[in-house]
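File shown here: run22.csv, holding CSV, C-alpha atoms.
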chain,number,residue,atom,x,y,z
F,1150,MET,CA,249.5,-110.2,5.2
F,1151,SER,CA,246.7,-109.5,2.7
F,1152,ARG,CA,244.3,-107.9,5.0
F,1153,ARG,CA,241.6,-106.0,3.0
F,1154,GLN,CA,241.9,-102.3,3.1
F,1155,PRO,CA,238.9,-100.6,4.8
F,1156,GLU,CA,236.7,-98.8,2.3
F,1157,PRO,CA,236.8,-95.0,2.3
F,1158,VAL,CA,234.2,-93.7,4.7
F,1159,GLN,CA,232.3,-91.7,2.0
F,1160,VAL,CA,231.8,-94.9,0.0
F,1161,VAL,CA,230.3,-96.7,3.0
F,1162,LYS,CA,228.2,-93.7,3.9
F,1163,GLN,CA,226.9,-93.3,0.3
F,1164,ARG,CA,225.8,-96.9,0.3
F,1165,ARG,CA,224.1,-96.7,3.7
F,1166,ASP,CA,222.3,-93.4,2.7
F,1167,ALA,CA,221.3,-94.9,-0.7
F,1168,ALA,CA,219.7,-97.9,1.1
F,1169,LEU,CA,217.9,-95.7,3.5
F,1170,HIS,CA,216.7,-93.3,0.8
F,1171,ALA,CA,215.5,-96.2,-1.3
F,1172,LEU,CA,213.5,-97.6,1.6
F,1173,ALA,CA,211.8,-94.5,2.8
F,1174,GLY,CA,212.0,-92.1,-0.2
F,1175,GLY,CA,210.0,-94.2,-2.5
F,1176,VAL,CA,206.9,-94.5,-0.2
F,1177,PRO,CA,204.3,-91.9,-1.0
F,1178,TYR,CA,202.7,-92.1,2.5
F,1179,ILE,CA,206.0,-91.4,4.2
F,1180,GLN,CA,206.4,-88.3,2.0
F,1181,PHE,CA,202.7,-87.3,2.7
F,1182,LEU,CA,203.4,-87.3,6.4
F,1183,GLY,CA,206.7,-85.6,5.9
F,1184,ILE,CA,208.7,-88.1,7.9
F,1185,GLN,CA,212.5,-87.9,7.6
F,1186,PHE,CA,215.2,-90.2,8.9
F,1187,ASP,CA,218.5,-89.3,10.6
F,1188,ARG,CA,221.1,-92.0,10.3
F,1189,ARG,CA,224.1,-92.5,12.7
F,1190,GLY,CA,225.8,-95.8,11.8
F,1191,ASP,CA,223.1,-98.4,12.0
F,1192,GLU,CA,220.9,-96.3,14.3
F,1193,LEU,CA,217.9,-94.5,12.8
F,1194,THR,CA,215.9,-91.7,14.3
F,1195,ALA,CA,212.7,-90.7,12.6
F,1196,LEU,CA,211.6,-87.1,12.5
F,1197,LEU,CA,208.1,-85.8,12.1
F,1198,PRO,CA,208.2,-82.0,11.5
F,1199,PHE,CA,205.0,-80.5,12.8
F,1200,ARG,CA,202.4,-79.0,10.5
F,1201,ASP,CA,198.8,-78.0,10.9
F,1202,GLU,CA,197.6,-80.9,8.7
F,1203,LEU,CA,198.7,-83.3,11.4
F,1204,ILE,CA,196.3,-81.9,14.0
F,1205,GLY,CA,193.6,-84.3,15.4
F,1206,ASN,CA,192.2,-82.1,18.1
F,1207,PRO,CA,192.0,-78.4,17.0
F,1208,PHE,CA,191.0,-77.2,20.5
F,1209,LEU,CA,194.1,-78.4,22.4
F,1210,PRO,CA,195.6,-78.5,19.7
F,1211,ALA,CA,197.1,-82.0,19.6
F,1212,ILE,CA,198.6,-84.2,16.9
F,1213,HIS,CA,196.1,-86.8,15.5
F,1214,GLY,CA,196.4,-90.2,17.2
F,1215,GLY,CA,196.3,-91.8,13.8
F,1216,VAL,CA,199.4,-89.7,12.8
F,1217,THR,CA,201.2,-90.8,15.9
F,1218,ALA,CA,200.4,-94.4,15.2
F,1219,ALA,CA,201.4,-94.1,11.5
F,1220,PHE,CA,204.6,-92.4,12.6
F,1221,LEU,CA,205.5,-95.3,14.9
F,1222,GLU,CA,204.5,-97.8,12.3
F,1223,VAL,CA,206.7,-96.2,9.6
F,1224,THR,CA,209.6,-96.0,12.0
F,1225,ALA,CA,209.2,-99.7,12.9
F,1226,VAL,CA,209.0,-100.9,9.4
F,1227,ILE,CA,211.8,-98.8,8.0
F,1228,SER,CA,214.1,-99.6,11.0
F,1229,LEU,CA,213.3,-103.3,10.6
F,1230,SER,CA,214.0,-103.2,6.8
F,1231,TYR,CA,217.2,-101.2,7.3
F,1232,GLN,CA,218.5,-103.7,9.8
F,1233,TRP,CA,217.4,-106.6,7.6
F,1234,LEU,CA,219.4,-105.1,4.7
F,1235,TRP,CA,222.3,-104.0,6.8
F,1236,GLU,CA,224.6,-107.0,6.1
F,1237,ASP,CA,224.1,-106.8,2.3
F,1238,VAL,CA,224.6,-103.0,2.4
F,1239,GLU,CA,227.8,-103.4,4.4
F,1240,SER,CA,229.2,-106.2,2.2
F,1241,GLY,CA,228.4,-104.2,-0.9
F,1242,GLU,CA,226.2,-107.1,-2.2
F,1243,LEU,CA,223.4,-104.6,-2.4
F,1244,ARG,CA,224.7,-102.2,-5.0
F,1245,VAL,CA,224.1,-98.4,-4.9
F,1246,GLU,CA,223.1,-98.3,-8.5
F,1247,GLU,CA,220.5,-100.9,-8.0
F,1248,LEU,CA,219.1,-99.1,-5.0
F,1249,GLU,CA,219.1,-95.8,-6.8
F,1250,ALA,CA,217.2,-97.3,-9.7
F,1251,GLY,CA,214.5,-98.3,-7.3
F,1252,ASN,CA,215.2,-102.0,-7.4
F,1253,LEU,CA,214.5,-102.7,-3.8
F,1254,PRO,CA,213.8,-105.8,-1.8
F,1255,ARG,CA,210.2,-106.1,-0.7
F,1256,LEU,CA,209.2,-104.5,2.6
F,1257,PRO,CA,208.0,-106.5,5.6
F,1258,LYS,CA,204.2,-106.7,6.0
F,1259,THR,CA,202.6,-105.6,9.2
F,1260,ILE,CA,200.7,-108.4,10.9
F,1261,ASP,CA,199.5,-106.4,13.9
F,1262,PHE,CA,200.3,-103.1,15.6
F,1263,THR,CA,199.5,-101.9,19.1
F,1264,VAL,CA,199.9,-98.4,20.2
F,1265,ASP,CA,199.7,-96.9,23.7
F,1266,TYR,CA,199.1,-93.2,23.9
F,1267,LEU,CA,201.0,-91.9,26.8
F,1268,ARG,CA,200.7,-88.1,26.4
F,1269,SER,CA,198.9,-85.9,24.0
F,1270,GLY,CA,201.0,-85.0,21.0
F,1271,LEU,CA,201.9,-81.3,21.2
F,1272,PRO,CA,202.1,-79.1,18.2
F,1273,ARG,CA,205.8,-79.6,17.9
F,1274,ASP,CA,208.2,-81.9,16.0
F,1275,ALA,CA,208.2,-85.5,17.1
F,1276,TYR,CA,211.0,-88.1,17.0
F,1277,ALA,CA,210.9,-91.9,17.1
F,1278,ARG,CA,213.2,-94.9,17.3
F,1279,ALA,CA,212.5,-98.5,17.0
F,1280,ARG,CA,214.2,-101.6,18.3
F,1281,VAL,CA,214.0,-105.0,16.6
F,1282,THR,CA,213.5,-107.4,19.5
F,1283,ARG,CA,213.3,-110.4,17.3
F,1284,SER,CA,214.1,-110.9,13.7
F,1285,GLY,CA,213.4,-114.4,12.4
F,1286,ARG,CA,213.2,-115.8,8.9
F,1287,ARG,CA,209.5,-115.4,8.8
F,1288,TYR,CA,208.4,-113.2,11.7
F,1289,ALA,CA,209.8,-110.1,13.5
F,1290,SER,CA,208.9,-108.2,16.6
F,1291,VAL,CA,209.6,-104.6,16.9
F,1292,GLN,CA,209.1,-102.0,19.6
F,1293,ALA,CA,209.0,-98.3,18.9
F,1294,GLU,CA,208.8,-95.1,20.9
F,1295,ALA,CA,208.0,-91.5,20.0
F,1296,TRP,CA,208.8,-88.4,22.0
F,1297,GLN,CA,208.9,-84.7,21.5
F,1298,ASP,CA,210.9,-82.2,23.6
F,1299,ASN,CA,211.9,-84.6,26.3
F,1300,ARG,CA,213.3,-88.0,25.5
F,1301,ASP,CA,212.3,-89.3,29.0
F,1302,ARG,CA,208.6,-88.4,28.5
F,1303,PRO,CA,207.5,-90.4,25.5
F,1304,MET,CA,204.2,-89.5,23.8
F,1305,ALA,CA,203.5,-93.0,22.6
F,1306,GLN,CA,204.9,-96.5,22.4
F,1307,ALA,CA,204.1,-99.3,20.1
F,1308,THR,CA,204.7,-103.0,19.6
F,1309,ALA,CA,204.4,-104.5,16.2
F,1310,HIS,CA,204.7,-107.9,14.5
F,1311,PHE,CA,205.8,-108.3,10.9
F,1312,LEU,CA,205.9,-110.9,8.2
F,1313,MET,CA,209.3,-110.9,6.6
F,1314,PRO,CA,209.6,-110.9,2.8
F,1315,ARG,CA,210.7,-114.1,1.3
F,1316,ASN,CA,214.4,-114.1,0.7
F,1317,ASP,CA,214.5,-116.0,-2.6
F,1318,GLY,CA,215.4,-114.0,-5.6
Y,1393,MET,CA,168.7,-84.0,21.8
Y,1394,THR,CA,170.5,-87.1,20.4
Y,1395,ALA,CA,170.3,-85.7,16.9
Y,1396,GLU,CA,171.9,-82.5,18.2
Y,1397,LYS,CA,174.7,-84.5,19.8
Y,1398,ASP,CA,175.3,-86.4,16.6
Y,1399,ARG,CA,175.5,-83.2,14.7
Y,1400,ILE,CA,178.1,-81.8,17.0
Y,1401,ALA,CA,180.1,-85.1,16.8
Y,1402,ARG,CA,179.9,-85.0,13.0
Y,1403,GLN,CA,180.9,-81.4,12.9
Y,1404,PHE,CA,183.8,-82.0,15.3
Y,1405,ILE,CA,185.2,-85.0,13.3
Y,1406,GLU,CA,184.8,-83.1,10.0
Y,1407,THR,CA,186.8,-80.1,11.2
Y,1408,ILE,CA,189.8,-82.2,12.3
Y,1409,PRO,CA,192.6,-81.1,10.0
Y,1410,HIS,CA,194.1,-84.5,9.6
Y,1411,SER,CA,190.8,-86.2,8.9
Y,1412,LYS,CA,190.2,-83.6,6.2
Y,1413,ALA,CA,193.7,-84.2,4.8
Y,1414,LEU,CA,192.7,-87.8,4.4
Y,1415,ASN,CA,189.3,-86.9,2.9
Y,1416,MET,CA,187.4,-88.8,5.6
Y,1417,ARG,CA,183.6,-88.6,5.4
Y,1418,ILE,CA,181.2,-89.7,8.1
Y,1419,THR,CA,178.3,-91.8,6.5
Y,1420,GLU,CA,176.7,-92.8,9.8
Y,1421,ILE,CA,177.0,-91.9,13.4
Y,1422,GLY,CA,174.9,-92.2,16.6
Y,1423,ASP,CA,174.4,-94.3,19.8
Y,1424,GLY,CA,178.0,-95.4,20.1
Y,1425,PHE,CA,178.4,-96.4,16.4
Y,1426,ALA,CA,180.2,-94.6,13.6
Y,1427,ARG,CA,181.0,-95.4,10.0
Y,1428,ILE,CA,183.6,-93.3,8.1
Y,1429,GLU,CA,184.9,-93.6,4.6
Y,1430,MET,CA,188.3,-92.8,3.3
Y,1431,PRO,CA,188.7,-92.7,-0.5
Y,1432,TYR,CA,191.7,-94.2,-2.2
Y,1433,ASP,CA,194.4,-91.7,-2.6
Y,1434,GLU,CA,197.8,-92.1,-4.2
Y,1435,ARG,CA,199.4,-90.0,-1.5
Y,1436,LEU,CA,198.6,-92.7,1.0
Y,1437,VAL,CA,200.3,-95.6,-0.8
Y,1438,GLY,CA,202.7,-97.6,1.3
Y,1439,ASP,CA,204.0,-100.0,-1.3
Y,1440,PRO,CA,204.7,-98.3,-4.6
Y,1441,GLN,CA,205.1,-101.6,-6.4
Y,1442,THR,CA,201.5,-102.6,-5.7
Y,1443,GLY,CA,199.7,-99.3,-5.0
Y,1444,VAL,CA,198.4,-100.7,-1.7
Y,1445,ILE,CA,197.5,-98.1,1.0
Y,1446,HIS,CA,199.9,-97.8,3.9
Y,1447,GLY,CA,198.8,-99.5,7.2
Y,1448,GLY,CA,199.4,-96.2,9.0
Y,1449,ALA,CA,196.5,-94.5,7.0
Y,1450,VAL,CA,194.2,-97.4,8.0
Y,1451,SER,CA,195.3,-96.8,11.6
Y,1452,ALA,CA,194.4,-93.1,11.3
Y,1453,LEU,CA,191.0,-94.1,9.9
Y,1454,MET,CA,190.4,-96.7,12.7
Y,1455,ASP,CA,191.4,-94.2,15.4
Y,1456,THR,CA,189.1,-91.5,14.1
Y,1457,THR,CA,186.2,-93.9,13.7
Y,1458,GLY,CA,186.7,-95.3,17.2
Y,1459,GLY,CA,186.8,-91.8,18.7
Y,1460,ALA,CA,183.7,-90.8,16.7
Y,1461,ALA,CA,181.8,-93.8,18.0
Y,1462,VAL,CA,182.7,-92.9,21.6
Y,1463,MET,CA,181.7,-89.2,21.2
Y,1464,SER,CA,178.3,-90.3,19.8
Y,1465,HIS,CA,177.6,-92.6,22.8
Y,1466,PRO,CA,174.7,-91.3,25.0
Y,1467,GLU,CA,176.8,-91.9,28.2
Y,1468,ALA,CA,179.8,-90.0,26.9
Y,1469,PRO,CA,179.2,-86.4,27.8
Y,1470,ALA,CA,182.2,-84.7,26.2
Y,1471,GLY,CA,185.3,-85.5,24.3
Y,1472,THR,CA,187.6,-88.5,24.2
Y,1473,ALA,CA,191.2,-89.5,23.7
Y,1474,THR,CA,192.7,-92.9,22.7
Y,1475,ILE,CA,194.3,-94.8,25.5
Y,1476,ASP,CA,195.4,-97.7,23.3
Y,1477,LEU,CA,194.6,-99.3,19.9
Y,1478,ARG,CA,195.5,-102.7,18.5
Y,1479,ILE,CA,195.1,-103.3,14.8
Y,1480,ASP,CA,195.2,-106.6,13.1
Y,1481,TYR,CA,196.0,-106.3,9.4
Y,1482,MET,CA,194.3,-109.3,7.8
Y,1483,ARG,CA,194.9,-108.5,4.1
Y,1484,ALA,CA,196.0,-105.7,1.8
Y,1485,ALA,CA,193.2,-103.3,0.7
Y,1486,GLN,CA,192.5,-103.5,-3.0
Y,1487,PRO,CA,194.2,-100.5,-4.7
Y,1488,GLY,CA,191.7,-98.0,-6.0
Y,1489,GLN,CA,188.9,-98.9,-3.6
Y,1490,THR,CA,187.5,-96.7,-0.8
Y,1491,ILE,CA,188.2,-98.0,2.7
Y,1492,VAL,CA,185.2,-98.0,5.1
Y,1493,ALA,CA,185.7,-98.3,8.8
Y,1494,GLU,CA,182.9,-99.1,11.3
Y,1495,ALA,CA,183.4,-98.8,15.0
Y,1496,SER,CA,181.1,-99.5,18.0
Y,1497,VAL,CA,181.4,-99.0,21.7
Y,1498,TYR,CA,180.7,-102.4,23.2
Y,1499,HIS,CA,181.2,-101.4,26.8
Y,1500,ILE,CA,181.4,-98.0,28.6
Y,1501,THR,CA,182.2,-97.1,32.2
Y,1502,ARG,CA,182.4,-93.7,33.8
Y,1503,ASN,CA,186.0,-93.4,32.6
Y,1504,VAL,CA,186.6,-95.8,29.8
Y,1505,ALA,CA,185.0,-96.7,26.6
Y,1506,PHE,CA,185.8,-100.1,25.0
Y,1507,VAL,CA,185.7,-100.1,21.2
Y,1508,ARG,CA,185.8,-102.6,18.4
Y,1509,ALA,CA,186.3,-101.6,14.8
Y,1510,THR,CA,186.6,-103.2,11.3
Y,1511,ALA,CA,187.9,-101.8,8.1
Y,1512,MET,CA,186.7,-103.0,4.7
Y,1513,ASP,CA,187.1,-102.3,1.0
Y,1514,ASP,CA,184.5,-103.2,-1.6
Y,1515,ASP,CA,184.5,-106.8,-0.6
Y,1516,ARG,CA,182.6,-106.3,2.7
Y,1517,ASP,CA,182.8,-110.0,3.6
Y,1518,ARG,CA,186.5,-110.1,3.9
Y,1519,PRO,CA,187.7,-107.3,6.3
Y,1520,VAL,CA,191.0,-105.6,5.6
Y,1521,ALA,CA,191.8,-104.9,9.2
Y,1522,SER,CA,190.2,-105.2,12.6
Y,1523,ALA,CA,190.9,-103.2,15.8
Y,1524,THR,CA,190.1,-103.0,19.5
Y,1525,GLY,CA,190.8,-100.0,21.6
Y,1526,ALA,CA,190.2,-98.3,24.9
Y,1527,PHE,CA,189.3,-94.6,24.9
Y,1528,THR,CA,188.9,-92.1,27.7
Y,1529,VAL,CA,185.5,-90.8,28.6
Y,1530,GLU,CA,186.0,-87.1,29.3
Y,1531,ARG,CA,183.7,-85.5,31.8
Y,1532,LYS,CA,182.4,-82.0,31.5
Y,1533,SER,CA,183.8,-80.1,34.5

Now, as a test, write the supplied structure out as structure tokens.
Amino acid sequence: MSRRQPEPVQVVKQRRDAALHALAGGVPYIQFLGIQFDRRGDELTALLPFRDELIGNPFLPAIHGGVTAAFLEVTAVISLSYQWLWEDVESGELRVEELEAGNLPRLPKTIDFTVDYLRSGLPRDAYARARVTRSGRRYASVQAEAWQDNRDRPMAQATAHFLMPRNDG
Amino acid sequence: MTAEKDRIARQFIETIPHSKALNMRITEIGDGFARIEMPYDERLVGDPQTGVIHGGAVSALMDTTGGAAVMSHPEAPAGTATIDLRIDYMRAAQPGQTIVAEASVYHITRNVAFVRATAMDDDRDRPVASATGAFTVERKS
């Protein structure tokens, strides 16, 4: 029986982390906001550490609604891209060296983005996760949710549509 | 009286830390209308291969401009908060160009202000993005 040996876990992890790093690490705006990603298998959680520069209402104080929207949009687009690349990352077709050299597939383009503000953003760290509800060849729909101290009390939710990059070359 | 209110709204917007971080500048405000500029900045790039500004920064600009328009409305006595905002991204903003957003309150009730906004680069005839939103009307208590 010539069943293929499973790859060593660190090789798989290195490839997954490289893909994630290449997607998010190279985008100046993601660095500007200070957004980080925590990866567990194929699940991503975005983290937005609080800093004063993110404040939108100095009297409350509260996180700027634009920051919350941007945080959800970044989470949606990175989660969508990561899922879109997942198979190529897993099969090894997407090589670590290529990713680390910054040779990345193009990112999906946002068509539209709707955000509902559910609670005011406290001066604390925020977290977000996105779910790809449809991923077609040309269009994708993604839902995202952000929360702070309590997962059951989201601060904002969003729905977004994306135009997928062409998969030719 | 109105001029005083506009001054307060302008001052409020310009002291917002995140608006300052994005170098936003109010160029016109009053009677439920606001225009705010956001200069091109490499820190806001969303696609390093093209240098195009990230949609999130455009969202932040739209949200701020919408809120400023509400605050400047004669029937909005105090502050405001965004209830929801929908943004349509029509095209990529030209790298290097300032983005200008204009927002106006097209309807207001005791509790809710309805806002439309448009974002443009130097080519004013072809908007970069358009938005609609609902904002709260905070009452002085």

- [ ] Would you mind reading off the distance between atom CA of Arg1280 of chain F and atom CA of Ala1195 of chain F, one decimal, in Å?
- [x] 12.4 Å

- [ ] Using only C-alpha atoms, determine which residues lie at most 6 Å from Phe1506 of chain Y, disregarding the query and same-chain residues fewer than 3 positions distant; provide the list as JSON, numbers by chain.
- [x] {"Y": [1497, 1498, 1499, 1526]}

- [ ] Could you please tell me, as a ChimeraX atom specification, which residues of chain Y have an atom within 7 Å of chain F when using all atoms listed in the file?
- [x] /Y:1408-1410,1413,1435-1440,1446,1448-1449,1451-1453,1455,1474-1481

TODO: Rounded to one decimal place, report the atom CA of Pro1272 of chain F-atom CA of Ile1184 of chain F distance in Å.
DONE: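 One can read the atom CA of Pro1272 of chain F to atom CA of Ile1184 of chain F distance as 15.2 Å.
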
TODO: Give me, please, the distance in Å between atom CA of Phe1425 of chain Y and atom CA of Gln1489 of chain Y, quoted to one decimal.
DONE: 22.7 Å

Task: Answer as a ChimeraX atom specification, residues within 12 Å of (213.1, -109.3, 20.2) using all atoms listed in the file - done: /F:1229,1279-1285,1288-1293,1308-1311

Open item on the list: For a quick check of understanding, using all atoms listed in the file, which of F:Val1238, F:Met1313, F:Arg1152, F:Pro1303 has the smallest distance to Asp1166 of chain F?
Closed with: F:Val1238

Open item on the list: Nearest residue to Leu1172 of chain F out of F:Trp1296, F:Phe1186, F:Phe1199, F:Tyr1276, using only C-alpha atoms?
Closed with: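 Under the stated criterion, the closest residue is F:Phe1186.
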
- [ ] Choose the residue, out of F:Val1245, F:Ser1240, F:Arg1273, F:Arg1302, that has the smallest atom-to-atom separation from Glu1156 of chain F; count only C-alpha atoms.
- [x] F:Ser1240

Open item on the list: From the options Y:Ala1521, Y:Val1444, Y:Ala1395, Y:Ala1505, which residue's atoms come nearest to Ala1468 of chain Y, counting only C-alpha atoms?
Closed with: Y:Ala1505
